[in-house]
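Trainee: Coordinates in model32.cif, mmCIF, C-alpha atoms (C1' of nucleotides), are listed below.
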data_model
loop_
_atom_site.label_atom_id
_atom_site.label_comp_id
_atom_site.auth_asym_id
_atom_site.auth_seq_id
_atom_site.Cartn_x
_atom_site.Cartn_y
_atom_site.Cartn_z
CA MET J 4 18.61 8.28 -33.17
CA PRO J 5 16.20 10.53 -31.32
CA SER J 6 17.19 9.05 -27.98
CA VAL J 7 15.59 7.60 -24.90
CA THR J 8 15.57 8.94 -21.34
CA GLN J 9 19.23 9.00 -20.32
CA HIS J 10 19.58 10.02 -16.71
CA ASN J 11 23.29 10.71 -16.61
CA ALA J 12 23.36 12.70 -19.78
CA LYS J 13 25.78 15.55 -20.15
CA VAL J 14 23.76 17.30 -22.78
CA GLY J 15 20.19 18.44 -22.99
CA ARG J 16 17.94 20.22 -20.52
CA PRO J 17 19.12 19.58 -16.96
CA ARG J 18 16.91 18.13 -14.27
CA SER J 19 14.80 20.74 -12.56
CA GLU J 20 15.72 21.00 -8.89
CA GLN J 21 12.57 22.99 -8.40
CA ALA J 22 10.42 20.12 -9.64
CA ARG J 23 12.35 17.69 -7.45
CA ASP J 24 11.79 19.71 -4.31
CA ALA J 25 8.15 20.30 -5.16
CA VAL J 26 7.57 16.55 -5.46
CA LEU J 27 9.37 15.78 -2.21
CA HIS J 28 7.48 18.42 -0.28
CA ALA J 29 4.17 17.43 -1.84
CA ALA J 30 4.78 13.84 -0.76
CA ASP J 31 5.59 14.98 2.77
CA ASP J 32 2.49 17.15 3.01
CA LEU J 33 0.15 14.62 1.50
CA LEU J 34 1.40 11.86 3.79
CA GLU J 35 0.31 13.94 6.76
CA GLU J 36 -2.97 14.92 5.17
CA VAL J 37 -4.24 11.68 3.72
CA GLY J 38 -1.97 8.93 5.05
CA TYR J 39 0.21 6.43 3.26
CA ALA J 40 -2.57 4.25 1.92
CA ALA J 41 -4.29 7.15 0.17
CA LEU J 42 -1.00 8.57 -1.04
CA THR J 43 -0.91 8.36 -4.83
CA VAL J 44 1.64 9.26 -7.43
CA LYS J 45 -1.10 11.10 -9.26
CA GLY J 46 -1.93 13.13 -6.18
CA ILE J 47 1.71 13.96 -5.53
CA ALA J 48 2.24 15.13 -9.09
CA GLU J 49 -0.85 17.31 -9.06
CA ARG J 50 -0.04 18.81 -5.67
CA ALA J 51 3.51 19.52 -6.82
CA GLY J 52 2.29 21.13 -10.05
CA VAL J 53 4.33 18.67 -12.02
CA GLY J 54 3.65 16.28 -14.87
CA ARG J 55 3.04 12.72 -13.79
CA GLN J 56 5.65 11.46 -16.18
CA THR J 57 8.20 13.73 -14.53
CA VAL J 58 7.62 11.85 -11.31
CA TYR J 59 7.90 8.44 -12.93
CA ARG J 60 11.08 9.52 -14.69
CA TRP J 61 12.97 9.90 -11.40
CA TRP J 62 11.15 7.61 -8.99
CA SER J 63 9.51 4.29 -9.68
CA THR J 64 7.34 3.99 -6.56
CA LYS J 65 5.81 6.24 -3.94
CA ALA J 66 8.08 4.51 -1.42
CA GLU J 67 11.14 5.86 -3.20
CA ILE J 68 9.75 9.35 -3.08
CA LEU J 69 8.94 9.10 0.59
CA PHE J 70 12.32 7.63 1.42
CA GLU J 71 14.14 10.49 -0.26
CA ALA J 72 11.78 12.90 1.45
CA CYS J 73 12.32 11.69 5.00
CA VAL J 74 15.83 10.27 5.34
CA THR J 75 17.54 13.60 5.90
CA ASP J 76 14.99 14.70 8.49
CA ALA J 77 15.24 11.34 10.20
CA GLU J 78 19.00 11.49 10.55
CA GLU J 79 18.81 14.97 12.00
CA GLU J 80 16.12 14.16 14.53
CA LEU J 81 17.96 11.05 15.69
CA SER J 82 21.29 12.75 16.24
CA VAL J 83 20.97 14.01 19.81
CA PRO J 84 23.48 16.22 21.70
CA ARG J 85 25.79 14.24 23.91
CA GLU J 86 25.20 14.07 27.67
CA PRO J 87 28.17 13.71 30.03
CA ASP J 88 26.72 10.73 31.86
CA PRO J 89 26.52 7.63 29.63
CA ALA J 90 23.21 6.40 31.06
CA ALA J 91 21.68 9.85 30.66
CA ASP J 92 23.04 10.04 27.12
CA LEU J 93 21.43 6.74 26.23
CA ALA J 94 18.17 7.73 27.91
CA SER J 95 18.10 10.97 25.97
CA TYR J 96 18.61 9.07 22.75
CA LEU J 97 15.79 6.68 23.62
CA THR J 98 13.47 9.60 24.22
CA ALA J 99 14.42 11.12 20.89
CA LEU J 100 13.82 7.76 19.22
CA VAL J 101 10.32 7.41 20.63
CA THR J 102 9.48 10.99 19.77
CA PHE J 103 10.75 10.50 16.24
CA LEU J 104 8.82 7.29 15.67
CA ALA J 105 5.61 8.35 17.34
CA ARG J 106 5.28 12.05 16.66
CA SER J 107 7.53 13.25 13.85
CA PRO J 108 6.19 13.42 10.29
CA ALA J 109 9.47 11.93 9.14
CA GLY J 110 8.94 9.15 11.68
CA ALA J 111 5.50 8.48 10.30
CA ALA J 112 6.99 8.25 6.84
CA TYR J 113 9.66 5.88 8.12
CA ARG J 114 7.10 3.67 9.80
CA ALA J 115 5.08 3.59 6.61
CA LEU J 116 8.18 2.58 4.67
CA LEU J 117 9.18 -0.11 7.13
CA ALA J 118 5.62 -1.30 6.95
CA ALA J 119 5.64 -1.46 3.17
CA ALA J 120 8.97 -3.27 3.30
CA GLN J 121 7.23 -6.21 5.00
CA HIS J 122 5.51 -7.12 1.76
CA ASP J 123 7.62 -5.41 -0.87
CA ARG J 124 11.15 -6.56 -1.63
CA ALA J 125 12.05 -3.42 -3.52
CA VAL J 126 11.21 -1.30 -0.48
CA LYS J 127 13.11 -3.65 1.79
CA GLU J 128 16.25 -3.25 -0.30
CA LEU J 129 15.67 0.46 -0.54
CA ILE J 130 15.61 1.11 3.19
CA ALA J 131 18.47 -1.33 3.70
CA THR J 132 20.68 1.05 1.74
CA ARG J 133 20.61 3.45 4.66
CA ASP J 134 19.88 1.84 8.02
CA VAL J 135 18.88 5.08 9.70
CA LEU J 136 17.72 3.65 13.02
CA ALA J 137 20.59 1.25 13.64
CA ASP J 138 23.19 3.80 12.53
CA SER J 139 21.93 6.40 14.96
CA ALA J 140 21.94 3.85 17.78
CA ARG J 141 25.47 2.79 16.91
CA THR J 142 26.64 6.38 17.15
CA VAL J 143 25.32 6.69 20.69
CA LEU J 144 26.69 3.29 21.69
CA ALA J 145 30.13 4.10 20.32
CA ARG J 146 30.54 7.39 22.15
CA ASN J 147 29.72 5.68 25.45
CA GLY J 148 32.17 2.84 25.08
CA LEU J 149 29.55 0.20 24.36
CA PRO J 150 29.69 -2.45 21.63
CA THR J 151 28.26 -1.34 18.30
CA SER J 152 27.23 -4.73 16.95
CA ASP J 153 23.97 -5.26 15.12
CA GLU J 154 22.63 -7.06 18.15
CA ALA J 155 23.56 -4.25 20.51
CA ALA J 156 21.81 -1.73 18.28
CA ALA J 157 18.77 -3.99 18.09
CA ARG J 158 18.64 -4.22 21.88
CA VAL J 159 18.59 -0.45 22.13
CA ILE J 160 16.02 0.12 19.43
CA GLY J 161 13.83 -2.93 19.98
CA THR J 162 11.70 -1.94 22.95
CA PRO J 163 10.83 1.62 21.85
CA PHE J 164 10.31 0.36 18.32
CA PHE J 165 7.84 -2.31 19.32
CA TRP J 166 6.23 0.09 21.76
CA VAL J 167 5.40 2.58 19.07
CA MET J 168 4.70 0.15 16.25
CA SER J 169 2.16 -1.69 18.36
CA GLY J 170 0.35 1.56 18.97
CA ARG J 171 1.19 2.09 22.63
CA ASP J 172 1.29 5.50 24.28
CA PRO J 173 4.74 7.03 23.65
CA ASP J 174 4.59 8.70 27.06
CA GLY J 175 4.08 5.38 28.80
CA LEU J 176 7.64 4.19 28.26
CA HIS J 177 10.35 4.89 30.85
CA PRO J 178 13.62 5.55 29.01
CA GLY J 179 15.60 5.97 32.22
CA GLU J 180 15.01 2.44 33.47
CA LEU J 181 15.56 1.01 30.03
CA ALA J 182 18.82 2.91 29.62
CA ARG J 183 20.05 1.71 33.02
CA ASP J 184 19.40 -1.94 32.14
CA LEU J 185 20.88 -1.59 28.66
CA MET J 186 24.06 -0.14 30.08
CA ARG J 187 24.47 -3.18 32.28
CA ASP J 188 23.51 -5.71 29.63
CA LEU J 189 25.79 -4.29 26.96
CA ALA J 190 28.72 -3.36 29.15
CA PRO J 191 31.97 -4.82 27.80
CA PRO J 192 33.52 -7.32 27.54
CA ASN J 193 30.01 -8.28 26.46
CA MET X 3 -40.25 -3.47 3.93
CA PRO X 4 -38.22 -6.06 2.05
CA SER X 5 -35.33 -5.68 4.47
CA VAL X 6 -31.66 -4.93 4.37
CA THR X 7 -28.71 -7.15 5.24
CA GLN X 8 -29.23 -7.92 8.92
CA HIS X 9 -26.28 -9.86 10.28
CA ASN X 10 -27.84 -11.06 13.51
CA ALA X 11 -31.08 -12.13 11.96
CA LYS X 12 -32.93 -15.06 13.36
CA VAL X 13 -34.76 -15.83 10.19
CA GLY X 14 -33.70 -16.39 6.63
CA ARG X 15 -30.87 -18.38 5.13
CA PRO X 16 -28.02 -18.79 7.61
CA ARG X 17 -24.46 -17.74 6.88
CA SER X 18 -22.53 -20.37 4.96
CA GLU X 19 -19.63 -21.67 7.02
CA GLN X 20 -18.30 -23.22 3.86
CA ALA X 21 -18.07 -19.84 2.15
CA ARG X 22 -16.43 -18.36 5.24
CA ASP X 23 -13.73 -21.03 5.35
CA ALA X 24 -13.17 -20.81 1.62
CA VAL X 25 -12.55 -17.06 1.87
CA LEU X 26 -10.19 -17.42 4.82
CA HIS X 27 -8.17 -20.15 3.16
CA ALA X 28 -8.09 -18.31 -0.15
CA ALA X 29 -6.73 -15.24 1.63
CA ASP X 30 -4.07 -17.36 3.32
CA ASP X 31 -3.02 -19.02 0.09
CA LEU X 32 -3.00 -15.84 -1.95
CA LEU X 33 -0.95 -13.99 0.63
CA GLU X 34 1.79 -16.56 0.20
CA GLU X 35 1.48 -16.60 -3.57
CA VAL X 36 1.25 -12.94 -4.46
CA GLY X 37 2.02 -11.00 -1.28
CA TYR X 38 0.00 -8.50 0.65
CA ALA X 39 0.25 -5.65 -1.83
CA ALA X 40 -1.15 -7.71 -4.70
CA LEU X 41 -3.79 -9.26 -2.49
CA THR X 42 -7.22 -8.12 -3.68
CA VAL X 43 -10.73 -8.74 -2.51
CA LYS X 44 -11.62 -9.60 -6.07
CA GLY X 45 -8.87 -12.19 -6.22
CA ILE X 46 -9.84 -13.71 -2.89
CA ALA X 47 -13.47 -14.02 -3.93
CA GLU X 48 -12.60 -15.64 -7.23
CA ARG X 49 -10.13 -18.03 -5.65
CA ALA X 50 -12.70 -18.96 -3.01
CA GLY X 51 -15.40 -19.50 -5.63
CA VAL X 52 -17.55 -16.96 -3.89
CA GLY X 53 -19.44 -13.86 -4.95
CA ARG X 54 -17.61 -10.63 -4.29
CA GLN X 55 -20.57 -9.24 -2.44
CA THR X 56 -20.48 -12.20 -0.08
CA VAL X 57 -17.01 -11.10 0.97
CA TYR X 58 -18.01 -7.49 1.43
CA ARG X 59 -21.01 -8.57 3.46
CA TRP X 60 -18.87 -10.02 6.24
CA TRP X 61 -15.59 -8.16 5.99
CA SER X 62 -14.98 -4.57 5.05
CA THR X 63 -11.26 -4.75 4.24
CA LYS X 64 -8.68 -7.31 3.24
CA ALA X 65 -6.98 -6.63 6.57
CA GLU X 66 -10.02 -7.94 8.42
CA ILE X 67 -10.00 -11.10 6.37
CA LEU X 68 -6.32 -11.65 7.00
CA PHE X 69 -6.66 -10.99 10.70
CA GLU X 70 -9.37 -13.57 11.07
CA ALA X 71 -7.33 -15.95 8.96
CA CYS X 72 -4.13 -15.76 10.98
CA VAL X 73 -4.96 -15.04 14.62
CA THR X 74 -5.67 -18.63 15.57
CA ASP X 75 -2.50 -19.91 13.90
CA ALA X 76 -0.50 -17.15 15.55
CA GLU X 77 -1.69 -18.00 19.04
CA GLU X 78 -0.87 -21.64 18.53
CA GLU X 79 2.60 -21.04 17.19
CA LEU X 80 3.43 -18.65 20.01
CA SER X 81 2.33 -20.94 22.81
CA VAL X 82 5.47 -22.97 23.48
CA PRO X 83 5.80 -25.92 25.86
CA ARG X 84 7.21 -24.96 29.23
CA GLU X 85 10.84 -25.62 30.09
CA PRO X 86 11.88 -26.35 33.68
CA ASP X 87 14.59 -23.71 33.76
CA PRO X 88 13.15 -20.16 33.52
CA ALA X 89 15.96 -18.80 31.35
CA ALA X 90 15.65 -21.76 29.00
CA ASP X 91 11.89 -21.30 28.92
CA LEU X 92 12.25 -17.66 27.95
CA ALA X 93 14.91 -18.49 25.35
CA SER X 94 12.67 -21.11 23.83
CA TYR X 95 9.87 -18.58 23.60
CA LEU X 96 12.16 -16.04 21.93
CA THR X 97 13.16 -18.63 19.37
CA ALA X 98 9.52 -19.40 18.65
CA LEU X 99 8.80 -15.69 18.34
CA VAL X 100 11.52 -15.14 15.77
CA THR X 101 10.49 -18.22 13.84
CA PHE X 102 6.88 -17.11 13.85
CA LEU X 103 7.64 -13.58 12.67
CA ALA X 104 10.27 -14.48 10.11
CA ARG X 105 9.18 -17.79 8.67
CA SER X 106 5.56 -18.63 9.41
CA PRO X 107 2.84 -17.72 6.90
CA ALA X 108 0.75 -16.53 9.83
CA GLY X 109 3.70 -14.41 10.91
CA ALA X 110 3.93 -12.88 7.47
CA ALA X 111 0.25 -12.06 7.65
CA TYR X 112 0.73 -10.55 11.08
CA ARG X 113 3.61 -8.42 9.89
CA ALA X 114 1.53 -7.23 6.97
CA LEU X 115 -1.27 -6.30 9.33
CA LEU X 116 0.98 -4.49 11.74
CA ALA X 117 2.40 -2.72 8.75
CA ALA X 118 -1.00 -1.66 7.52
CA ALA X 119 -1.87 -0.51 11.03
CA GLN X 120 0.84 2.15 10.76
CA HIS X 121 -1.28 4.11 8.33
CA ASP X 122 -4.77 2.80 8.90
CA ARG X 123 -6.63 3.48 12.14
CA ALA X 124 -9.22 0.82 11.50
CA VAL X 125 -6.52 -1.82 11.26
CA LYS X 126 -4.78 -0.46 14.34
CA GLU X 127 -7.97 -0.84 16.37
CA LEU X 128 -8.58 -4.23 14.84
CA ILE X 129 -5.29 -5.75 15.92
CA ALA X 130 -5.55 -4.02 19.28
CA THR X 131 -8.61 -6.14 20.00
CA ARG X 132 -6.34 -9.14 20.36
CA ASP X 133 -2.75 -8.30 21.28
CA VAL X 134 -1.37 -11.65 20.19
CA LEU X 135 2.32 -10.88 20.66
CA ALA X 136 2.12 -9.21 24.07
CA ASP X 137 -0.33 -11.80 25.39
CA SER X 138 1.95 -14.68 24.48
CA ALA X 139 4.90 -12.92 26.11
CA ARG X 140 2.87 -12.27 29.25
CA THR X 141 2.06 -15.95 29.52
CA VAL X 142 5.71 -16.89 29.51
CA LEU X 143 6.62 -14.11 31.94
CA ALA X 144 3.88 -15.12 34.35
CA ARG X 145 4.83 -18.76 34.57
CA ASN X 146 8.39 -17.80 35.41
CA GLY X 147 7.54 -15.40 38.20
CA LEU X 148 8.38 -12.27 36.24
CA PRO X 149 6.30 -9.09 36.02
CA THR X 150 3.68 -9.10 33.27
CA SER X 151 3.42 -5.38 32.69
CA ASP X 152 3.17 -3.89 29.21
CA GLU X 153 6.72 -2.68 29.53
CA ALA X 154 8.03 -6.10 30.51
CA ALA X 155 6.30 -7.67 27.52
CA ALA X 156 7.71 -4.98 25.26
CA ARG X 157 11.22 -5.68 26.57
CA VAL X 158 10.85 -9.34 25.68
CA ILE X 159 9.36 -8.79 22.26
CA GLY X 160 11.22 -5.65 21.22
CA THR X 161 14.58 -6.98 20.12
CA PRO X 162 13.36 -9.97 18.07
CA PHE X 163 10.58 -7.84 16.67
CA PHE X 164 12.90 -5.13 15.43
CA TRP X 165 15.37 -7.74 14.26
CA VAL X 166 12.86 -9.36 11.94
CA MET X 167 10.98 -6.23 10.89
CA SER X 168 14.21 -4.56 9.80
CA GLY X 169 14.95 -7.54 7.60
CA ARG X 170 17.84 -9.07 9.54
CA ASP X 171 18.73 -12.74 9.38
CA PRO X 172 16.54 -14.62 11.89
CA ASP X 173 19.40 -17.02 12.57
CA GLY X 174 21.71 -14.18 13.53
CA LEU X 175 20.00 -13.49 16.84
CA HIS X 176 21.14 -15.22 20.05
CA PRO X 177 18.06 -15.94 22.18
CA GLY X 178 20.11 -17.44 25.01
CA GLU X 179 22.03 -14.27 25.79
CA LEU X 180 18.95 -12.15 25.40
CA ALA X 181 16.97 -14.40 27.74
CA ARG X 182 19.74 -14.27 30.34
CA ASP X 183 19.79 -10.46 30.33
CA LEU X 184 16.02 -10.19 30.35
CA MET X 185 15.79 -12.46 33.39
CA ARG X 186 18.10 -10.14 35.27
CA ASP X 187 16.48 -6.90 34.08
CA LEU X 188 12.95 -8.00 34.84
CA ALA X 189 13.60 -9.88 38.06
CA PRO X 190 11.28 -8.69 40.84
CA PRO X 191 10.75 -6.50 42.77
CA ASN X 192 11.74 -4.55 39.62
"C1'" DA Y 30 22.28 31.64 -34.34
"C1'" DG Y 31 21.12 27.03 -35.15
"C1'" DC Y 32 21.10 22.13 -33.96
"C1'" DG Y 33 20.72 18.00 -31.26
"C1'" DT Y 34 19.58 16.40 -26.90
"C1'" DT Y 35 16.98 15.92 -22.77
"C1'" DT Y 36 13.51 17.43 -19.47
"C1'" DC Y 37 9.50 19.94 -18.80
"C1'" DG Y 38 4.02 20.12 -18.02
"C1'" DA Y 39 0.04 18.22 -20.05
"C1'" DT Y 40 -2.94 14.90 -21.77
"C1'" DA Y 41 -4.75 10.46 -23.46
"C1'" DC Y 42 -4.86 5.55 -23.17
"C1'" DA Y 43 -5.81 0.59 -21.72
"C1'" DC Y 44 -5.83 -2.01 -17.68
"C1'" DG Y 45 -7.34 -3.59 -13.30
"C1'" DG Y 46 -9.33 -3.14 -8.54
"C1'" DT Y 47 -13.05 -0.93 -5.78
"C1'" DG Y 48 -17.35 -0.85 -3.65
"C1'" DC Y 49 -22.17 -0.89 -4.69
"C1'" DC Y 50 -26.19 -2.64 -6.88
"C1'" DT Y 51 -29.29 -6.03 -8.94
"C1'" DC Y 52 -30.51 -10.37 -10.69
"C1'" DG Y 53 -32.40 -15.07 -9.96
"C1'" DT Y 54 -31.73 -18.82 -6.68
"C1'" DA Y 55 -31.08 -21.43 -2.28
"C1'" DA Y 56 -31.90 -22.22 2.58
"C1'" DT Y 57 -33.86 -21.19 6.79
"C1'" DG Y 58 -38.23 -20.40 10.35
"C1'" DG Y 59 -43.13 -19.59 11.10
"C1'" DC U 22 -46.07 -21.61 1.18
"C1'" DC U 23 -44.45 -17.30 2.56
"C1'" DA U 24 -41.31 -13.91 4.48
"C1'" DT U 25 -36.65 -13.36 5.19
"C1'" DT U 26 -31.88 -13.59 4.53
"C1'" DA U 27 -27.60 -15.29 2.25
"C1'" DC U 28 -25.86 -17.14 -1.92
"C1'" DG U 29 -23.06 -16.83 -6.79
"C1'" DA U 30 -22.83 -14.07 -10.75
"C1'" DG U 31 -22.34 -10.16 -13.29
"C1'" DG U 32 -22.79 -5.16 -14.37
"C1'" DC U 33 -21.68 -0.41 -13.18
"C1'" DA U 34 -19.10 4.20 -12.48
"C1'" DC U 35 -15.04 5.65 -10.38
"C1'" DC U 36 -10.16 6.09 -9.66
"C1'" DG U 37 -5.14 5.13 -9.72
"C1'" DT U 38 -1.53 2.90 -12.56
"C1'" DG U 39 2.11 3.07 -15.71
"C1'" DT U 40 3.10 4.14 -20.55
"C1'" DA U 41 3.06 6.90 -24.67
"C1'" DT U 42 3.00 11.15 -26.97
"C1'" DC U 43 2.68 16.16 -27.62
"C1'" DG U 44 4.80 20.86 -28.15
"C1'" DA U 45 7.70 23.81 -25.49
"C1'" DA U 46 11.76 24.93 -22.78
"C1'" DA U 47 16.66 24.67 -21.40
"C1'" DC U 48 21.02 23.12 -21.82
"C1'" DG U 49 26.00 22.08 -24.74
"C1'" DC U 50 28.14 22.33 -29.01
"C1'" DT U 51 29.59 24.26 -33.32
#
Just give me the structure as structure tokens.

Mentor:
Amino acid sequence: MPSVTQHNAKVGRPRSEQARDAVLHAADDLLEEVGYAALTVKGIAERAGVGRQTVYRWWSTKAEILFEACVTDAEEELSVPREPDPAADLASYLTALVTFLARSPAGAAYRALLAAAQHDRAVKELIATRDVLADSARTVLARNGLPTSDEAAARVIGTPFFWVMSGRDPDGLHPGELARDLMRDLAPPN
Amino acid sequence: MPSVTQHNAKVGRPRSEQARDAVLHAADDLLEEVGYAALTVKGIAERAGVGRQTVYRWWSTKAEILFEACVTDAEEELSVPREPDPAADLASYLTALVTFLARSPAGAAYRALLAAAQHDRAVKELIATRDVLADSARTVLARNGLPTSDEAAARVIGTPFFWVMSGRDPDGLHPGELARDLMRDLAPPN
DNA sequence: AGCGTTTCGATACACGGTGCCTCGTAATGG
DNA sequence: CCATTACGAGGCACCGTGTATCGAAACGCT
């Protein structure tokens, strides 16, 4: 038989890495230019100089494209160099978190995805596969001897997250005070 | 001249309250049935038994319709009866907040709106006109002698907000512990 | 080299929602 | 009864969706 699309095939023309990168970068650029709502698969394909079917072959939604386009950047921007003092380390992470969410293109993409997840189960499951925010928080908690539970991570992320998502000025938050309180609240035994 | 649509007109046929309610309820119902993504102005109009132009005359986006449809419910659900003990009062509010965000239809609408606000300035300004979440938190803070600053409200809302928005189990959060820590962190002078 | 397989870019298609416009009609005030 | 405005209904061009199909290109195998 003449075959159907068979993604893990060992024979035939291999997937073009060039096309893949072009799509990912086009999605990134267009998100900044036109915003998530006006982001279309058609637009991405045209900008990338790629057939529309080539996009649909590898991704089923624009959310999937965006997720693949921003996860790596997100993980990098949220992994901050360690500070000797635990409270300072936490404060530095909180600053990085706010900056990421409020100012980074990858952060904008992540907010758009988390937004879409609120009314799209597929997106919700997609972003659940790599819990970028909580994982980065857990890393910082762990290296400062604090509990790494889901609740602890949520305590760390919660305030900056709501701050940015509700459209408040990212410079208006005081990470130092927040870090100080979090240290006390989360200090073991618990 | 034969005139144009003139919303604050003193003459002519008055706006139909019946049509307004029908649209608002149709939006509410459809949000539950099909979700925000599949929610269309066309669908709302048909469900409401209303001309499509009648919808466009009073609202410019589906977000505006949804906002008007859920704000009142939201404010009601977030105004909890006062408890004698401050920590218990705060804990009771936190429970109501999680329930609202995670389980209430109005909460679902609010999450959808906040989601849309991440990539739509008009929606961001719209929901900023009535900061339902922060206002309800401020009320609880005030009646327990705690500071009512934006940051204090964000501290209260942050953790439950992130918890629900990131898709975690609403029953997995412990409002009592959170309330206890918040009381200590926010206690005056500050 | 030749063949089968799979992806490539390109294009066409039916479908459905958008936002605007126009129709004839209904409900106000002067 | 007339001017004015909103009403429900339906039509319109436009655009994005997701699928199908085309010939060409790029691989492994013999």

Trainee: Evaluating the PyMOL selection byres ((chain X) within 7 of (chain U)) on the displayed file yields which residues, as a short mmCIF file (atom, residue, chain, number, x, y, z; two decimals) with C-alpha atoms, in the frame of the given file?

Mentor:
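Saved to selection03.cif:
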data_model
loop_
_atom_site.label_atom_id
_atom_site.label_comp_id
_atom_site.auth_asym_id
_atom_site.auth_seq_id
_atom_site.Cartn_x
_atom_site.Cartn_y
_atom_site.Cartn_z
CA VAL X 13 -34.76 -15.83 10.19
CA GLY X 14 -33.70 -16.39 6.63
CA ARG X 15 -30.87 -18.38 5.13
CA PRO X 16 -28.02 -18.79 7.61
CA ARG X 17 -24.46 -17.74 6.88
CA VAL X 52 -17.55 -16.96 -3.89
CA GLY X 53 -19.44 -13.86 -4.95
#

Trainee: If chain X is superposed onto chain J by least squares using every Cα atom in order, what is the RMSD, in Å to one decimal?

Mentor: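 Once chain X is fitted onto chain J, the C-alpha RMSD works out to 0.1 Å.
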
Trainee: Check which residues satisfy the PyMOL selection byres ((chain Y) within 12 of (chain X)) in the file shown, then give them as a list in words.

Mentor: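 Evaluating the PyMOL selection byres ((chain Y) within 12 of (chain X)) on these coordinates yields DG45, DG46, DT47, DG48, DC49, DC50, DT51, DT54, DA55, DA56, DT57, DG58 and DG59 of chain Y.
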
Trainee: Keeping only C-alpha atoms (C1' of nucleotides), write the selected residues to a file as a short mmCIF file (atom, residue, chain, number, x, y, z; two decimals), in the coordinates of the input.

Mentor:
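File produced: result-v8.cif:
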data_model
loop_
_atom_site.label_atom_id
_atom_site.label_comp_id
_atom_site.auth_asym_id
_atom_site.auth_seq_id
_atom_site.Cartn_x
_atom_site.Cartn_y
_atom_site.Cartn_z
"C1'" DG Y 45 -7.34 -3.59 -13.30
"C1'" DG Y 46 -9.33 -3.14 -8.54
"C1'" DT Y 47 -13.05 -0.93 -5.78
"C1'" DG Y 48 -17.35 -0.85 -3.65
"C1'" DC Y 49 -22.17 -0.89 -4.69
"C1'" DC Y 50 -26.19 -2.64 -6.88
"C1'" DT Y 51 -29.29 -6.03 -8.94
"C1'" DT Y 54 -31.73 -18.82 -6.68
"C1'" DA Y 55 -31.08 -21.43 -2.28
"C1'" DA Y 56 -31.90 -22.22 2.58
"C1'" DT Y 57 -33.86 -21.19 6.79
"C1'" DG Y 58 -38.23 -20.40 10.35
"C1'" DG Y 59 -43.13 -19.59 11.10
#

Trainee: Just how far from CA of His177 (chain J) is CA of Pro89 (chain J), in Å to one decimal?

Mentor: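 Answer for the CA of Pro89 (chain J) to CA of His177 (chain J) separation: 16.4 Å.
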
Trainee: On this structure, which residues satisfy the PyMOL selection byres ((chain J) within 6 of (chain X)), written as number ranges by chain?

Mentor: J: 38-39, 118, 122, 157-158, 161-162, 165

Trainee: What is the distance between CA of Ala21 (chain X) and CA of Glu35 (chain X), in Å to one decimal?

Mentor: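 Separation between CA of Ala21 (chain X) and CA of Glu35 (chain X): 20.6 Å.
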
Trainee: What is the distance between CA of Ala109 (chain J) and CA of Gly52 (chain J), in Å to one decimal?

Mentor: 22.5 Å

Trainee: Pick from X:Leu26, X:Cys72, X:Ala93, X:Ala98: nearest to Arg49 (chain X), with only C-alpha atoms counted?

Mentor: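 The closest residue to Arg49 (chain X) is X:Leu26.
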
Trainee: Name all residues at most 10 Å from Asn147 (chain J) (count only C-alpha atoms (C1' of nucleotides); drop same-chain ones fewer than 2 positions away) and give them as a ChimeraX atom specification.

Mentor: /J:85-90,92-93,141-145,149-150,186,190
